[in-house]
$ cat upload.tsv   # TSV, C-alpha atoms
chain	number	residue	atom	x	y	z
A	232	MET	CA	19.44	-29.62	16.03
A	233	LEU	CA	19.87	-28.49	12.43
A	234	ARG	CA	23.26	-30.17	12.29
A	235	ARG	CA	21.87	-33.47	13.63
A	236	LEU	CA	19.04	-33.38	11.09
A	237	TYR	CA	21.55	-32.77	8.31
A	238	VAL	CA	23.72	-35.70	9.38
A	239	TRP	CA	20.66	-37.98	9.68
A	240	THR	CA	19.41	-36.97	6.22
A	241	MET	CA	22.82	-37.54	4.67
A	242	ASP	CA	22.92	-41.04	6.15
A	243	LYS	CA	19.52	-41.83	4.66
A	244	ALA	CA	20.57	-40.36	1.30
A	245	ALA	CA	23.44	-42.83	1.17
A	246	GLY	CA	21.28	-45.77	2.28
A	247	PRO	CA	20.40	-48.88	0.24
A	248	PHE	CA	16.87	-47.69	-0.62
A	249	ALA	CA	17.79	-44.10	-1.46
A	250	GLU	CA	17.38	-44.53	-5.22
A	251	TYR	CA	13.90	-45.98	-4.82
A	252	TRP	CA	12.84	-43.09	-2.62
A	253	LEU	CA	14.32	-40.62	-5.09
A	254	ALA	CA	12.40	-42.19	-7.97
A	255	LEU	CA	9.15	-42.21	-5.98
A	256	PHE	CA	9.63	-38.60	-4.95
A	257	ALA	CA	10.25	-37.49	-8.55
A	258	PHE	CA	7.29	-39.52	-9.81
A	259	VAL	CA	4.67	-38.12	-7.45
A	260	GLU	CA	5.97	-34.55	-7.71
A	261	ALA	CA	5.31	-34.50	-11.44
A	262	SER	CA	1.61	-35.18	-10.93
A	263	PHE	CA	0.38	-34.11	-7.49
A	264	PHE	CA	3.06	-33.76	-4.77
A	265	PRO	CA	3.88	-30.11	-3.92
A	266	ILE	CA	7.62	-30.34	-3.09
A	267	PRO	CA	10.17	-30.65	-5.94
A	268	PRO	CA	12.68	-33.53	-5.88
A	269	HIS	CA	15.73	-31.29	-6.20
A	270	PRO	CA	16.52	-31.26	-2.45
A	271	VAL	CA	16.49	-35.07	-2.30
A	272	LEU	CA	18.56	-35.29	-5.48
A	273	GLY	CA	21.02	-32.74	-4.13
A	274	LEU	CA	21.46	-34.55	-0.83
A	275	MET	CA	22.05	-37.88	-2.56
A	276	CYS	CA	24.57	-36.28	-4.87
A	277	LEU	CA	26.30	-34.78	-1.84
A	278	ALA	CA	26.39	-38.15	-0.12
A	279	ASN	CA	27.88	-39.87	-3.17
A	280	PRO	CA	29.13	-37.41	-5.84
A	281	LYS	CA	30.49	-40.22	-8.05
A	282	ARG	CA	26.91	-41.43	-8.64
A	283	ALA	CA	25.46	-37.96	-9.15
A	284	ILE	CA	24.77	-38.34	-12.87
A	285	ARG	CA	23.11	-41.73	-12.26
A	286	TYR	CA	20.86	-40.11	-9.66
A	287	ALA	CA	20.00	-37.31	-12.08
A	288	ILE	CA	19.02	-39.82	-14.79
A	289	ILE	CA	16.83	-41.75	-12.33
A	290	THR	CA	15.13	-38.51	-11.31
A	291	THR	CA	14.57	-37.50	-14.92
A	292	LEU	CA	13.01	-40.82	-15.97
A	293	ALA	CA	10.83	-41.03	-12.86
A	294	SER	CA	9.68	-37.44	-13.32
A	295	VAL	CA	8.70	-38.07	-16.96
A	296	ALA	CA	6.81	-41.21	-15.88
A	297	GLY	CA	5.04	-39.19	-13.20
A	298	GLY	CA	4.30	-36.59	-15.83
A	299	LEU	CA	2.35	-39.23	-17.75
A	300	LEU	CA	0.19	-39.73	-14.66
A	301	GLY	CA	-0.38	-35.99	-14.49
A	302	TYR	CA	-1.24	-36.00	-18.20
A	303	ALA	CA	-3.77	-38.81	-17.61
A	304	ILE	CA	-5.34	-36.91	-14.73
A	305	GLY	CA	-5.72	-33.82	-16.89
A	306	HIS	CA	-7.04	-35.76	-19.87
A	307	PHE	CA	-9.37	-38.31	-18.29
A	308	LEU	CA	-10.05	-37.12	-14.72
A	309	PHE	CA	-9.89	-33.34	-14.82
A	310	ALA	CA	-13.43	-32.76	-13.57
A	311	SER	CA	-13.24	-35.34	-10.79
A	312	ILE	CA	-9.59	-35.01	-9.68
A	313	GLY	CA	-7.65	-32.46	-11.73
A	314	GLU	CA	-9.56	-29.36	-10.62
A	315	GLN	CA	-9.33	-30.37	-6.98
A	316	LEU	CA	-5.59	-30.93	-7.31
A	317	LEU	CA	-5.04	-27.53	-8.88
A	318	HIS	CA	-7.06	-25.92	-6.11
A	319	ALA	CA	-5.20	-27.78	-3.36
A	320	LEU	CA	-1.85	-26.79	-4.91
A	321	HIS	CA	-2.96	-23.15	-5.36
A	322	LEU	CA	-2.52	-23.39	-9.12
A	323	THR	CA	-6.10	-22.72	-10.22
A	324	GLN	CA	-5.33	-19.14	-11.27
A	325	SER	CA	-2.25	-20.28	-13.18
A	326	PHE	CA	-4.10	-22.96	-15.13
A	327	PRO	CA	-5.92	-20.81	-17.78
A	328	TYR	CA	-2.75	-19.01	-18.81
A	329	ALA	CA	-0.77	-22.26	-18.94
A	330	ALA	CA	-3.51	-23.97	-20.97
A	331	CYS	CA	-3.58	-21.11	-23.46
A	332	LYS	CA	0.20	-21.20	-23.86
A	333	LEU	CA	0.42	-24.98	-24.30
A	334	ARG	CA	-2.46	-24.99	-26.77
A	335	GLY	CA	-0.60	-22.64	-29.11
A	336	ASP	CA	2.02	-23.42	-31.73
A	337	ALA	CA	4.77	-22.81	-29.19
A	338	GLY	CA	3.40	-25.39	-26.74
A	339	PHE	CA	6.37	-27.75	-27.23
A	340	LEU	CA	8.87	-24.99	-26.44
A	341	ALA	CA	6.73	-23.80	-23.54
A	342	ILE	CA	7.01	-27.20	-21.84
A	343	ILE	CA	10.78	-27.21	-22.28
A	344	VAL	CA	11.15	-23.70	-20.88
A	345	LYS	CA	8.64	-24.01	-18.04
A	346	GLY	CA	9.67	-27.55	-17.12
A	347	ALA	CA	13.24	-26.41	-16.57
A	348	THR	CA	12.23	-23.59	-14.21
A	349	PRO	CA	10.89	-23.52	-10.61
A	350	ILE	CA	7.32	-23.38	-11.99
A	351	PRO	CA	5.58	-26.57	-10.76
A	352	PHE	CA	5.91	-29.31	-13.38
A	353	LYS	CA	2.57	-30.80	-12.30
A	354	LEU	CA	0.87	-27.65	-13.64
A	355	ILE	CA	2.40	-28.41	-17.04
A	356	THR	CA	1.53	-32.12	-17.03
A	357	ILE	CA	-2.10	-31.75	-15.94
A	358	THR	CA	-2.63	-28.87	-18.33
A	359	ALA	CA	-1.07	-30.74	-21.27
A	360	GLY	CA	-3.42	-33.65	-20.67
A	361	PHE	CA	-6.43	-31.38	-20.38
A	362	ILE	CA	-5.82	-29.66	-23.71
A	363	GLY	CA	-5.04	-32.99	-25.41
A	364	MET	CA	-1.49	-32.21	-26.48
A	365	PRO	CA	-0.18	-35.07	-28.68
A	366	LEU	CA	1.35	-37.63	-26.34
A	367	GLY	CA	4.59	-38.08	-28.27
A	368	LYS	CA	5.13	-34.33	-28.37
A	369	PHE	CA	4.46	-34.09	-24.65
A	370	VAL	CA	6.84	-36.93	-23.73
A	371	LEU	CA	9.68	-35.58	-25.88
A	372	ALA	CA	9.34	-32.07	-24.47
A	373	SER	CA	9.17	-33.48	-20.93
A	374	VAL	CA	12.33	-35.55	-21.40
A	375	ILE	CA	14.21	-32.48	-22.64
A	376	SER	CA	12.96	-30.15	-19.90
A	377	ARG	CA	13.47	-32.60	-17.04
A	378	SER	CA	16.92	-33.52	-18.35
A	379	ILE	CA	17.91	-29.87	-18.28
A	380	SER	CA	16.54	-29.44	-14.79
A	381	PHE	CA	18.09	-32.52	-13.18
A	382	LEU	CA	21.20	-33.28	-15.22
A	383	ILE	CA	22.57	-29.83	-14.48
A	384	VAL	CA	22.38	-30.74	-10.79
A	385	GLY	CA	23.98	-34.14	-11.42
A	386	ILE	CA	26.83	-32.79	-13.51
A	387	LEU	CA	27.60	-29.97	-11.08
A	388	PHE	CA	27.73	-32.34	-8.12
A	389	ARG	CA	29.77	-34.88	-10.08
A	390	LEU	CA	32.35	-32.21	-10.87
A	391	PHE	CA	32.25	-30.17	-7.67
A	392	GLY	CA	30.51	-32.43	-5.16
A	393	ALA	CA	33.36	-32.65	-2.66
A	394	PRO	CA	33.98	-28.87	-2.44
A	395	ILE	CA	30.22	-28.21	-2.26
A	396	LYS	CA	29.83	-30.70	0.59
A	397	ALA	CA	32.76	-29.16	2.42
A	398	TRP	CA	31.20	-25.71	2.05
A	399	ILE	CA	27.78	-26.91	3.29
A	400	ASP	CA	29.39	-28.74	6.20
A	401	LYS	CA	31.00	-25.45	7.21
A	402	TYR	CA	28.13	-23.07	6.37
A	403	LEU	CA	25.01	-25.20	6.91
A	404	GLY	CA	22.88	-22.32	8.17
A	405	LEU	CA	23.65	-20.19	5.12
A	406	ALA	CA	22.88	-23.15	2.83
A	407	VAL	CA	19.47	-23.57	4.46
A	408	VAL	CA	18.70	-19.89	3.97
A	409	GLY	CA	19.65	-20.21	0.31
A	410	PHE	CA	17.38	-23.22	-0.13
A	411	VAL	CA	14.44	-21.40	1.47
A	412	ALA	CA	15.06	-18.50	-0.90
A	413	LEU	CA	14.86	-20.88	-3.86
A	414	VAL	CA	11.57	-22.33	-2.61
A	415	VAL	CA	10.12	-18.83	-2.27
A	416	ALA	CA	11.33	-18.04	-5.79
A	417	GLY	CA	9.50	-21.13	-7.04
A	418	PHE	CA	6.21	-19.95	-5.53
A	419	PHE	CA	6.79	-16.49	-6.97
A	420	ALA	CA	7.44	-17.96	-10.43
A	421	ALA	CA	4.22	-19.98	-10.23
A	422	ALA	CA	2.29	-16.86	-9.26
A	423	MET	CA	3.80	-14.97	-12.20
A	424	VAL	CA	2.40	-17.57	-14.61
A	425	SER	CA	-1.13	-16.63	-13.64
A	426	HIS	CA	-0.36	-13.04	-14.72
A	427	GLY	CA	1.51	-13.94	-17.86
A	428	GLY	CA	4.84	-13.06	-16.25
A	429	GLY	CA	3.69	-9.44	-15.97
A	430	LYS	CA	3.41	-9.14	-19.75
A	431	THR	CA	0.34	-8.60	-21.88
A	432	ASP	CA	-0.05	-11.19	-24.61
A	433	GLU	CA	-2.76	-13.26	-26.26
A	434	CYS	CA	-3.09	-15.47	-23.17
A	435	SER	CA	-3.15	-12.80	-20.49
A	436	GLY	CA	-6.94	-12.62	-20.51
A	437	ALA	CA	-7.52	-16.36	-20.42
A	438	THR	CA	-10.02	-17.56	-17.81
A	439	MET	CA	-11.11	-20.95	-16.52
A	440	HIS	CA	-14.43	-20.51	-18.29
A	441	SER	CA	-12.87	-19.71	-21.66
A	442	ILE	CA	-10.44	-22.62	-21.41
A	443	THR	CA	-13.02	-25.22	-20.39
A	444	ALA	CA	-15.53	-23.94	-22.94
A	445	SER	CA	-13.05	-24.47	-25.78
A	446	ALA	CA	-11.93	-27.93	-24.57

$ encode --input "upload.tsv" --output "C-alpha cells"
Amino acid sequence: MLRRLYVWTMDKAAGPFAEYWLALFAFVEASFFPIPPHPVLGLMCLANPKRAIRYAIITTLASVAGGLLGYAIGHFLFASIGEQLLHALHLTQSFPYAACKLRGDAGFLAIIVKGATPIPFKLITITAGFIGMPLGKFVLASVISRSISFLIVGILFRLFGAPIKAWIDKYLGLAVVGFVALVVAGFFAAAMVSHGGGKTDECSGATMHSITASA
C-alpha cells in the first residue's frame, strides 16, 4: 500500500498543476497551515530533478507572500484570529518567548535563524506582525530565511536527485521513517522555543500577559 501511495504521489508531483499546488501549500503554511511544504517540494524535485531549483524558488516566494498574510493577522487581527490560530497550532506557549526575541535588536537575525529551522514559520510571521516589526525588515529577513530553507533542498535535488530517487525507490520504508523523525524533531524544536531552548536569558520569563501589556 505504501508503495502504491508513493507512486500515486509521484505522478501528481509531476502533473501539470503541481507548481500551483506547491505555491498554495507554501503560502498557507506560512500563516496558518500546520504541515511544512518541504515534503511536497521534495517529491516534486524527485519527480523532476532538472526543475528542482525552479520549484525551490516558487516555494520561497509563495512562503514569503504567505508570511505577509501571517504578519497581517498578527498586526491587525491578533485578538480575533491570531490568538485562536496559535492555540489551535499549539504555539501559545511559544509566542511570548518568540515575541520577546523578535522585539529585541537581534530580531532580524532571529527571523533568519528560526525561519531556516523546523520551528513553524507561522509562529514567526504572526509574532512579527503583532510586535509591529518594520515591514521591510521583516520581508528581507523572510526572503533570506526561506531561501536558505528551500534552496538547499532544490540544489541538493538538482545535483543528486537521480541517486536520491533510486535510493528512495529501493528503501521507501526507511525513507518514511526518516521523514517521521524529522516531523517529530520539528515539534520538539517548537516546544524548545517556549522554554528558550533550555537556556536562561532575558526572554525566558516572558509571558502572554507581559507581551500583550507592552504591545

$ atom_distance --input "upload.tsv" --atom1 "atom CA of A:Gly335" --atom2 "atom CA of A:Leu354"
16.3 Å

$ atom_distance --input "upload.tsv" --atom1 "atom CA of A:Ile304" --atom2 "atom CA of A:Tyr286"
26.9 Å

$ atom_distance --input "upload.tsv" --atom1 "atom CA of A:Ile342" --atom2 "atom CA of A:Phe369"
7.9 Å

$ closest_residue --input "upload.tsv" --among "A:Ser378, A:Ser262, A:Thr358, A:Ser311" --to "A:Pro327" --atoms "only C-alpha atoms"
A:Thr358

$ closest_residue --input "upload.tsv" --among "A:Gly338, A:Pro280, A:Pro267, A:Gly313" --to "A:Pro365" --atoms "all atoms listed in the file"
A:Gly338

$ closest_residue --input "upload.tsv" --among "A:Ala293, A:Ile375, A:Ala303, A:Ile350" --to "A:Ile266" --atoms "only C-alpha atoms"
A:Ile350

$ closest_atom_pairs --input "upload.tsv" --of "stretch 338-367 of chain A" --to "stretch 315-322 of chain A" --cutoff "9 Å" --atoms "all atoms listed in the file" --output "Markdown table"
| residue | atom | partner | partner_atom | distance |
| --- | --- | --- | --- | --- |
| A:Pro351 | CA | A:Leu322 | CA | 8.9 |
| A:Lys353 | CA | A:Leu317 | CA | 9.0 |
| A:Leu354 | CA | A:Leu322 | CA | 7.1 |
| A:Ile357 | CA | A:Leu317 | CA | 8.7 |

$ write_last_selection --input "upload.tsv" --atoms "C-alpha atoms" --output "PDB file, in the frame of the given file"
ATOM      1  CA  PRO A 351       5.580 -26.570 -10.760  1.00  0.00           C
ATOM      2  CA  LYS A 353       2.570 -30.800 -12.300  1.00  0.00           C
ATOM      3  CA  LEU A 354       0.870 -27.650 -13.640  1.00  0.00           C
ATOM      4  CA  ILE A 357      -2.100 -31.750 -15.940  1.00  0.00           C
TER       5      ILE A 357
END

$ closest_residue --input "upload.tsv" --among "A:Thr291, A:Thr356, A:Ser435, A:Ser325" --to "A:Val374" --atoms "only C-alpha atoms"
A:Thr291

$ residues_around --input "upload.tsv" --residues "A:Val384" --least-positions-apart "4" --cutoff "12 Å" --atoms "only C-alpha atoms" --output "PyMOL selection string"
chain A and resi 268-277+280+282-288+290-291+347+377-380+388-392+395

$ residues_around --input "upload.tsv" --residues "A:Phe361" --least-positions-apart "6" --cutoff "10 Å" --atoms "all atoms listed in the file" --output "NGL selection string"
:A and (301-310 or 313 or 330 or 334 or 355 or 442-443 or 446)

$ closest_residue --input "upload.tsv" --among "A:Cys331, A:Ile362, A:Leu387, A:Phe339" --to "A:Cys434" --atoms "all atoms listed in the file"
A:Cys331

$ decode --input "upload.tsv" --residues "stretch 240-341 of chain A" --atoms "C-alpha atoms" --output "PDB file, in the first residue's frame"
ATOM      1  CA  THR A 240       2.049  10.907  -5.204  1.00  0.00           C
ATOM      2  CA  MET A 241       4.983  10.984  -7.599  1.00  0.00           C
ATOM      3  CA  ASP A 242       2.584  11.052 -10.549  1.00  0.00           C
ATOM      4  CA  LYS A 243       0.726  14.011  -9.046  1.00  0.00           C
ATOM      5  CA  ALA A 244       4.020  15.780  -8.284  1.00  0.00           C
ATOM      6  CA  ALA A 245       4.899  15.628 -11.965  1.00  0.00           C
ATOM      7  CA  GLY A 246       1.422  16.732 -13.088  1.00  0.00           C
ATOM      8  CA  PRO A 247       0.514  19.968 -14.909  1.00  0.00           C
ATOM      9  CA  PHE A 248      -0.855  21.692 -11.788  1.00  0.00           C
ATOM     10  CA  ALA A 249       1.921  20.645  -9.420  1.00  0.00           C
ATOM     11  CA  GLU A 250       3.553  24.071  -9.274  1.00  0.00           C
ATOM     12  CA  TYR A 251       0.267  25.754  -8.372  1.00  0.00           C
ATOM     13  CA  TRP A 252      -0.339  23.275  -5.569  1.00  0.00           C
ATOM     14  CA  LEU A 253       3.213  23.753  -4.326  1.00  0.00           C
ATOM     15  CA  ALA A 254       2.786  27.536  -4.241  1.00  0.00           C
ATOM     16  CA  LEU A 255      -0.557  27.258  -2.442  1.00  0.00           C
ATOM     17  CA  PHE A 256       0.878  24.823   0.084  1.00  0.00           C
ATOM     18  CA  ALA A 257       3.836  27.115   0.834  1.00  0.00           C
ATOM     19  CA  PHE A 258       1.576  30.169   1.065  1.00  0.00           C
ATOM     20  CA  VAL A 259      -0.886  28.780   3.600  1.00  0.00           C
ATOM     21  CA  GLU A 260       1.819  27.087   5.686  1.00  0.00           C
ATOM     22  CA  ALA A 261       3.483  30.426   6.365  1.00  0.00           C
ATOM     23  CA  SER A 262       0.358  31.808   8.011  1.00  0.00           C
ATOM     24  CA  PHE A 263      -1.914  29.080   9.375  1.00  0.00           C
ATOM     25  CA  PHE A 264      -1.447  25.585   7.870  1.00  0.00           C
ATOM     26  CA  PRO A 265       0.341  23.152  10.234  1.00  0.00           C
ATOM     27  CA  ILE A 266       2.322  20.991   7.758  1.00  0.00           C
ATOM     28  CA  PRO A 267       5.516  22.397   6.171  1.00  0.00           C
ATOM     29  CA  PRO A 268       5.854  22.393   2.360  1.00  0.00           C
ATOM     30  CA  HIS A 269       9.162  20.537   2.339  1.00  0.00           C
ATOM     31  CA  PRO A 270       7.613  17.093   1.644  1.00  0.00           C
ATOM     32  CA  VAL A 271       5.722  18.433  -1.385  1.00  0.00           C
ATOM     33  CA  LEU A 272       8.817  20.282  -2.592  1.00  0.00           C
ATOM     34  CA  GLY A 273      10.938  17.168  -2.121  1.00  0.00           C
ATOM     35  CA  LEU A 274       8.536  14.946  -4.047  1.00  0.00           C
ATOM     36  CA  MET A 275       8.350  17.399  -6.939  1.00  0.00           C
ATOM     37  CA  CYS A 276      12.126  17.646  -7.026  1.00  0.00           C
ATOM     38  CA  LEU A 277      12.305  13.855  -7.064  1.00  0.00           C
ATOM     39  CA  ALA A 278       9.816  13.678  -9.919  1.00  0.00           C
ATOM     40  CA  ASN A 279      11.754  16.230 -11.983  1.00  0.00           C
ATOM     41  CA  PRO A 280      15.249  16.972 -10.599  1.00  0.00           C
ATOM     42  CA  LYS A 281      16.102  19.297 -13.509  1.00  0.00           C
ATOM     43  CA  ARG A 282      13.428  21.742 -12.294  1.00  0.00           C
ATOM     44  CA  ALA A 283      14.344  21.444  -8.623  1.00  0.00           C
ATOM     45  CA  ILE A 284      15.778  24.946  -8.267  1.00  0.00           C
ATOM     46  CA  ARG A 285      12.720  26.429 -10.018  1.00  0.00           C
ATOM     47  CA  TYR A 286      10.485  24.605  -7.544  1.00  0.00           C
ATOM     48  CA  ALA A 287      12.562  25.895  -4.635  1.00  0.00           C
ATOM     49  CA  ILE A 288      12.244  29.495  -5.872  1.00  0.00           C
ATOM     50  CA  ILE A 289       8.465  29.114  -6.261  1.00  0.00           C
ATOM     51  CA  THR A 290       8.244  27.748  -2.727  1.00  0.00           C
ATOM     52  CA  THR A 291      10.365  30.577  -1.355  1.00  0.00           C
ATOM     53  CA  LEU A 292       8.337  33.354  -2.996  1.00  0.00           C
ATOM     54  CA  ALA A 293       4.999  31.783  -2.058  1.00  0.00           C
ATOM     55  CA  SER A 294       6.148  31.278   1.525  1.00  0.00           C
ATOM     56  CA  VAL A 295       7.225  34.923   1.846  1.00  0.00           C
ATOM     57  CA  ALA A 296       3.870  36.021   0.406  1.00  0.00           C
ATOM     58  CA  GLY A 297       2.098  33.780   2.899  1.00  0.00           C
ATOM     59  CA  GLY A 298       4.280  35.263   5.596  1.00  0.00           C
ATOM     60  CA  LEU A 299       2.797  38.669   4.781  1.00  0.00           C
ATOM     61  CA  LEU A 300      -0.649  37.210   5.475  1.00  0.00           C
ATOM     62  CA  GLY A 301       0.618  35.879   8.790  1.00  0.00           C
ATOM     63  CA  TYR A 302       2.106  39.302   9.538  1.00  0.00           C
ATOM     64  CA  ALA A 303      -1.260  40.948   8.775  1.00  0.00           C
ATOM     65  CA  ILE A 304      -3.071  38.501  11.049  1.00  0.00           C
ATOM     66  CA  GLY A 305      -0.677  39.267  13.875  1.00  0.00           C
ATOM     67  CA  HIS A 306      -0.809  43.017  13.318  1.00  0.00           C
ATOM     68  CA  PHE A 307      -4.478  43.653  12.578  1.00  0.00           C
ATOM     69  CA  LEU A 308      -6.384  40.544  13.693  1.00  0.00           C
ATOM     70  CA  PHE A 309      -4.455  39.117  16.626  1.00  0.00           C
ATOM     71  CA  ALA A 310      -7.305  39.340  19.132  1.00  0.00           C
ATOM     72  CA  SER A 311      -9.940  37.946  16.772  1.00  0.00           C
ATOM     73  CA  ILE A 312      -7.917  35.383  14.779  1.00  0.00           C
ATOM     74  CA  GLY A 313      -4.247  35.298  15.784  1.00  0.00           C
ATOM     75  CA  GLU A 314      -4.726  34.001  19.326  1.00  0.00           C
ATOM     76  CA  GLN A 315      -7.089  31.282  18.151  1.00  0.00           C
ATOM     77  CA  LEU A 316      -4.607  30.204  15.476  1.00  0.00           C
ATOM     78  CA  LEU A 317      -1.762  29.978  17.962  1.00  0.00           C
ATOM     79  CA  HIS A 318      -3.946  27.924  20.284  1.00  0.00           C
ATOM     80  CA  ALA A 319      -5.084  25.589  17.502  1.00  0.00           C
ATOM     81  CA  LEU A 320      -1.472  25.091  16.386  1.00  0.00           C
ATOM     82  CA  HIS A 321      -0.265  24.535  19.983  1.00  0.00           C
ATOM     83  CA  LEU A 322       2.027  27.549  19.770  1.00  0.00           C
ATOM     84  CA  THR A 323       0.519  29.694  22.528  1.00  0.00           C
ATOM     85  CA  GLN A 324       3.302  28.881  24.991  1.00  0.00           C
ATOM     86  CA  SER A 325       5.951  29.602  22.357  1.00  0.00           C
ATOM     87  CA  PHE A 326       4.521  33.002  21.459  1.00  0.00           C
ATOM     88  CA  PRO A 327       5.772  35.127  24.428  1.00  0.00           C
ATOM     89  CA  TYR A 328       9.361  33.971  24.032  1.00  0.00           C
ATOM     90  CA  ALA A 329       9.264  34.495  20.262  1.00  0.00           C
ATOM     91  CA  ALA A 330       7.737  37.959  20.675  1.00  0.00           C
ATOM     92  CA  CYS A 331      10.417  38.950  23.163  1.00  0.00           C
ATOM     93  CA  LYS A 332      13.182  37.742  20.849  1.00  0.00           C
ATOM     94  CA  LEU A 333      11.809  39.452  17.731  1.00  0.00           C
ATOM     95  CA  ARG A 334      11.228  42.694  19.611  1.00  0.00           C
ATOM     96  CA  GLY A 335      14.908  42.956  20.521  1.00  0.00           C
ATOM     97  CA  ASP A 336      17.805  44.324  18.496  1.00  0.00           C
ATOM     98  CA  ALA A 337      18.540  40.840  17.172  1.00  0.00           C
ATOM     99  CA  GLY A 338      15.027  40.374  15.770  1.00  0.00           C
ATOM    100  CA  PHE A 339      16.226  40.439  12.146  1.00  0.00           C
ATOM    101  CA  LEU A 340      18.779  37.698  12.794  1.00  0.00           C
ATOM    102  CA  ALA A 341      16.247  35.741  14.840  1.00  0.00           C
TER     103      ALA A 341
END
